[in-house]
Amino acid sequence: MKVVSDTHTLVTRDKNKDTDHAPGVEVDLPKAAAEAVVARGLARRPGKSPKPSAPTKPTGAALDAAIAAVILDLDPQEDVNRDGTPSVPALEKHLGYDITAAERDAAWDAFVAAKEAESKSTAGKPAET
């Protein structure tokens, strides 16, 4: 039975010789072995779509930017705390990965500072028509 692993190198043994099969390569295994690696989530049957991987959590300024992008999509009635900060669970739902309150706070502070700087740079300028 053929299987494909999208993330793992599969190793087969034939006559005491190990052969490595890189991720993405179809491997022909005995039925029981193929069913076992599929059941453990290490491989899939060819033609089956791979499971989408969870987004990778960025760090530093990239995390701040990802959070800032999500803030604009939040529902102000449902996804914001009483103090005006975005709720961590709402952000996590949109981002696809966990964040801490400290990470939210750092991104929120940067977001607010950027909005204030934007307001100051456009203050007093005539509106474009």
# chains A, B, ... in the order shown; residues from 1 in each chain; ligands from 1
call {"tool": "select_by_dssp", "arguments": {"residues": "chain A", "states": "strand (DSSP E)", "output": "PDB file with N, CA and C atoms, in the first residue's frame"}}
result
ATOM      1  N   LYS A   2       0.589   2.193  -0.860  1.00  0.00           N
ATOM      2  CA  LYS A   2       1.408   3.398  -0.966  1.00  0.00           C
ATOM      3  C   LYS A   2       0.964   4.444   0.057  1.00  0.00           C
ATOM      4  N   VAL A   3       1.961   5.139   0.625  1.00  0.00           N
ATOM      5  CA  VAL A   3       1.730   6.240   1.548  1.00  0.00           C
ATOM      6  C   VAL A   3       2.706   7.369   1.208  1.00  0.00           C
ATOM      7  N   VAL A   4       2.374   8.565   1.692  1.00  0.00           N
ATOM      8  CA  VAL A   4       3.245   9.732   1.535  1.00  0.00           C
ATOM      9  C   VAL A   4       3.281  10.441   2.873  1.00  0.00           C
ATOM     10  N   LEU A  10      10.510   8.744   5.897  1.00  0.00           N
ATOM     11  CA  LEU A  10      10.135   7.363   6.195  1.00  0.00           C
ATOM     12  C   LEU A  10      11.326   6.465   5.870  1.00  0.00           C
ATOM     13  N   VAL A  11      11.571   5.501   6.732  1.00  0.00           N
ATOM     14  CA  VAL A  11      12.692   4.589   6.541  1.00  0.00           C
ATOM     15  C   VAL A  11      12.129   3.186   6.358  1.00  0.00           C
ATOM     16  N   THR A  12      12.546   2.549   5.268  1.00  0.00           N
ATOM     17  CA  THR A  12      12.144   1.163   5.022  1.00  0.00           C
ATOM     18  C   THR A  12      13.381   0.289   5.078  1.00  0.00           C
ATOM     19  N   ARG A  13      13.166  -0.991   5.372  1.00  0.00           N
ATOM     20  CA  ARG A  13      14.282  -1.942   5.430  1.00  0.00           C
ATOM     21  C   ARG A  13      13.956  -3.101   4.508  1.00  0.00           C
ATOM     22  N   ASP A  14      14.912  -3.394   3.634  1.00  0.00           N
ATOM     23  CA  ASP A  14      14.775  -4.526   2.711  1.00  0.00           C
ATOM     24  C   ASP A  14      16.094  -5.277   2.712  1.00  0.00           C
ATOM     25  N   LYS A  17      18.924  -3.661   4.572  1.00  0.00           N
ATOM     26  CA  LYS A  17      19.390  -2.377   4.043  1.00  0.00           C
ATOM     27  C   LYS A  17      18.308  -1.340   4.279  1.00  0.00           C
ATOM     28  N   ASP A  18      18.643  -0.256   4.994  1.00  0.00           N
ATOM     29  CA  ASP A  18      17.703   0.825   5.250  1.00  0.00           C
ATOM     30  C   ASP A  18      17.701   1.788   4.072  1.00  0.00           C
ATOM     31  N   THR A  19      16.505   2.247   3.725  1.00  0.00           N
ATOM     32  CA  THR A  19      16.362   3.251   2.677  1.00  0.00           C
ATOM     33  C   THR A  19      15.532   4.394   3.235  1.00  0.00           C
ATOM     34  N   ASP A  20      16.075   5.605   3.137  1.00  0.00           N
ATOM     35  CA  ASP A  20      15.358   6.805   3.577  1.00  0.00           C
ATOM     36  C   ASP A  20      14.517   7.323   2.428  1.00  0.00           C
ATOM     37  N   HIS A  21      13.278   7.704   2.732  1.00  0.00           N
ATOM     38  CA  HIS A  21      12.370   8.288   1.750  1.00  0.00           C
ATOM     39  C   HIS A  21      12.005   9.679   2.249  1.00  0.00           C
ATOM     40  N   GLU A  26       6.328   9.063  -2.498  1.00  0.00           N
ATOM     41  CA  GLU A  26       5.458   7.904  -2.267  1.00  0.00           C
ATOM     42  C   GLU A  26       6.310   6.701  -1.886  1.00  0.00           C
ATOM     43  N   VAL A  27       5.840   5.972  -0.860  1.00  0.00           N
ATOM     44  CA  VAL A  27       6.545   4.797  -0.379  1.00  0.00           C
ATOM     45  C   VAL A  27       5.568   3.635  -0.375  1.00  0.00           C
ATOM     46  N   ASP A  28       6.004   2.491  -0.905  1.00  0.00           N
ATOM     47  CA  ASP A  28       5.173   1.290  -0.916  1.00  0.00           C
ATOM     48  C   ASP A  28       5.506   0.472   0.325  1.00  0.00           C
TER      49      ASP A  28
END
call {"tool": "select_by_dssp", "arguments": {"residues": "chain A", "states": "helix (DSSP H, G or I)", "output": "JSON, numbers by chain"}}
result
{"A": [31, 32, 33, 34, 35, 36, 37, 38, 39, 60, 61, 62, 63, 64, 65, 66, 67, 68, 69, 70, 71, 88, 89, 90, 91, 92, 93, 94, 95, 101, 102, 103, 104, 105, 106, 107, 108, 109, 110, 111, 112, 113, 114, 115, 116, 117, 118, 119, 120, 121, 122]}
call {"tool": "write_last_selection", "arguments": {"atoms": "N, CA and C atoms", "output": "compact mmCIF listing (two decimals), in the first residue's frame"}}
result
# COMPACT_ATOMS: atom_id res chain seq x y z
N LYS A 31 0.65 -3.56 3.93
CA LYS A 31 -0.62 -2.95 4.34
C LYS A 31 -0.65 -2.60 5.82
N ALA A 32 -0.25 -3.49 6.69
CA ALA A 32 -0.30 -3.24 8.14
C ALA A 32 0.61 -2.07 8.52
N ALA A 33 1.79 -2.00 7.94
CA ALA A 33 2.72 -0.91 8.25
C ALA A 33 2.17 0.41 7.73
N ALA A 34 1.59 0.39 6.53
CA ALA A 34 1.01 1.61 5.94
C ALA A 34 -0.14 2.11 6.80
N GLU A 35 -1.01 1.20 7.21
CA GLU A 35 -2.13 1.60 8.06
C GLU A 35 -1.65 2.16 9.39
N ALA A 36 -0.57 1.62 9.92
CA ALA A 36 -0.05 2.08 11.20
C ALA A 36 0.50 3.50 11.10
N VAL A 37 1.28 3.80 10.05
CA VAL A 37 1.84 5.15 9.93
C VAL A 37 0.76 6.17 9.62
N VAL A 38 -0.27 5.76 8.88
CA VAL A 38 -1.40 6.66 8.60
C VAL A 38 -2.18 6.91 9.88
N ALA A 39 -2.43 5.87 10.66
CA ALA A 39 -3.19 6.01 11.91
C ALA A 39 -2.45 6.90 12.91
N GLY A 60 8.75 39.14 17.79
CA GLY A 60 9.16 40.54 17.71
C GLY A 60 8.21 41.41 16.91
N ALA A 61 8.79 42.24 16.06
CA ALA A 61 8.00 43.19 15.27
C ALA A 61 7.04 42.47 14.33
N ALA A 62 7.42 41.30 13.84
CA ALA A 62 6.52 40.55 12.95
C ALA A 62 5.27 40.09 13.70
N LEU A 63 5.42 39.71 14.96
CA LEU A 63 4.25 39.33 15.77
C LEU A 63 3.38 40.55 16.03
N ASP A 64 4.02 41.67 16.35
CA ASP A 64 3.25 42.92 16.55
C ASP A 64 2.45 43.27 15.31
N ALA A 65 3.08 43.13 14.14
CA ALA A 65 2.39 43.45 12.88
C ALA A 65 1.24 42.48 12.62
N ALA A 66 1.43 41.20 12.93
CA ALA A 66 0.36 40.21 12.72
C ALA A 66 -0.82 40.53 13.64
N ILE A 67 -0.54 40.88 14.88
CA ILE A 67 -1.60 41.22 15.83
C ILE A 67 -2.30 42.50 15.38
N ALA A 68 -1.53 43.50 14.96
CA ALA A 68 -2.12 44.77 14.50
C ALA A 68 -3.06 44.54 13.32
N ALA A 69 -2.68 43.67 12.41
CA ALA A 69 -3.53 43.39 11.25
C ALA A 69 -4.84 42.77 11.68
N VAL A 70 -4.81 41.94 12.70
CA VAL A 70 -6.02 41.27 13.20
C VAL A 70 -6.89 42.25 13.98
N ILE A 71 -6.28 43.18 14.68
CA ILE A 71 -7.05 44.13 15.49
C ILE A 71 -8.10 44.83 14.64
N VAL A 88 -7.41 38.43 24.29
CA VAL A 88 -6.42 37.46 23.84
C VAL A 88 -7.10 36.29 23.10
N PRO A 89 -8.20 35.70 23.62
CA PRO A 89 -8.83 34.60 22.89
C PRO A 89 -9.31 35.01 21.49
N ALA A 90 -9.82 36.22 21.34
CA ALA A 90 -10.27 36.67 20.02
C ALA A 90 -9.09 36.80 19.07
N LEU A 91 -7.99 37.35 19.56
CA LEU A 91 -6.80 37.47 18.73
C LEU A 91 -6.29 36.08 18.33
N GLU A 92 -6.24 35.17 19.29
CA GLU A 92 -5.75 33.81 19.01
C GLU A 92 -6.62 33.12 17.96
N LYS A 93 -7.92 33.33 18.04
CA LYS A 93 -8.84 32.73 17.07
C LYS A 93 -8.53 33.21 15.66
N HIS A 94 -8.26 34.49 15.51
CA HIS A 94 -7.97 35.06 14.20
C HIS A 94 -6.55 34.71 13.73
N LEU A 95 -5.61 34.66 14.65
CA LEU A 95 -4.21 34.41 14.28
C LEU A 95 -3.94 32.94 13.99
N ALA A 101 -0.82 37.61 27.11
CA ALA A 101 -1.34 38.96 27.34
C ALA A 101 -0.23 39.99 27.18
N ALA A 102 0.99 39.63 27.57
CA ALA A 102 2.13 40.55 27.42
C ALA A 102 2.40 40.83 25.93
N GLU A 103 2.30 39.79 25.10
CA GLU A 103 2.50 39.99 23.65
C GLU A 103 1.38 40.86 23.08
N ARG A 104 0.15 40.62 23.53
CA ARG A 104 -0.97 41.45 23.11
C ARG A 104 -0.75 42.89 23.51
N ASP A 105 -0.31 43.09 24.76
CA ASP A 105 -0.10 44.45 25.27
C ASP A 105 0.98 45.18 24.49
N ALA A 106 2.08 44.50 24.18
CA ALA A 106 3.15 45.14 23.41
C ALA A 106 2.66 45.53 22.02
N ALA A 107 1.93 44.62 21.38
CA ALA A 107 1.39 44.91 20.04
C ALA A 107 0.35 46.02 20.11
N TRP A 108 -0.49 46.01 21.14
CA TRP A 108 -1.52 47.04 21.31
C TRP A 108 -0.87 48.42 21.50
N ASP A 109 0.17 48.48 22.35
CA ASP A 109 0.87 49.75 22.57
C ASP A 109 1.46 50.27 21.26
N ALA A 110 2.06 49.38 20.47
CA ALA A 110 2.64 49.79 19.18
C ALA A 110 1.53 50.23 18.22
N PHE A 111 0.41 49.54 18.24
CA PHE A 111 -0.73 49.88 17.37
C PHE A 111 -1.26 51.26 17.72
N VAL A 112 -1.47 51.52 19.00
CA VAL A 112 -2.00 52.81 19.45
C VAL A 112 -1.00 53.93 19.12
N ALA A 113 0.28 53.69 19.35
CA ALA A 113 1.31 54.70 19.05
C ALA A 113 1.33 55.03 17.56
N ALA A 114 1.20 54.00 16.72
CA ALA A 114 1.19 54.23 15.27
C ALA A 114 -0.03 55.03 14.86
N LYS A 115 -1.19 54.74 15.44
CA LYS A 115 -2.41 55.48 15.13
C LYS A 115 -2.29 56.94 15.58
N GLU A 116 -1.70 57.16 16.76
CA GLU A 116 -1.51 58.53 17.24
C GLU A 116 -0.55 59.30 16.35
N ALA A 117 0.53 58.65 15.92
CA ALA A 117 1.50 59.30 15.04
C ALA A 117 0.86 59.62 13.70
N GLU A 118 0.03 58.72 13.21
CA GLU A 118 -0.68 58.94 11.95
C GLU A 118 -1.63 60.13 12.07
N SER A 119 -2.31 60.23 13.19
CA SER A 119 -3.24 61.35 13.40
C SER A 119 -2.49 62.67 13.45
N LYS A 120 -1.34 62.70 14.12
CA LYS A 120 -0.55 63.93 14.22
C LYS A 120 0.01 64.35 12.87
N SER A 121 0.39 63.35 12.04
CA SER A 121 0.97 63.70 10.73
C SER A 121 -0.07 64.22 9.76
N THR A 122 -1.33 63.88 9.97
CA THR A 122 -2.38 64.36 9.07
C THR A 122 -3.15 65.53 9.66
call {"tool": "closest_residue", "arguments": {"among": "A:Lys57, A:Lys15, A:His8, A:Arg40", "to": "Tyr97 of chain A", "atoms": "only C-alpha atoms"}}
result
A:Lys57
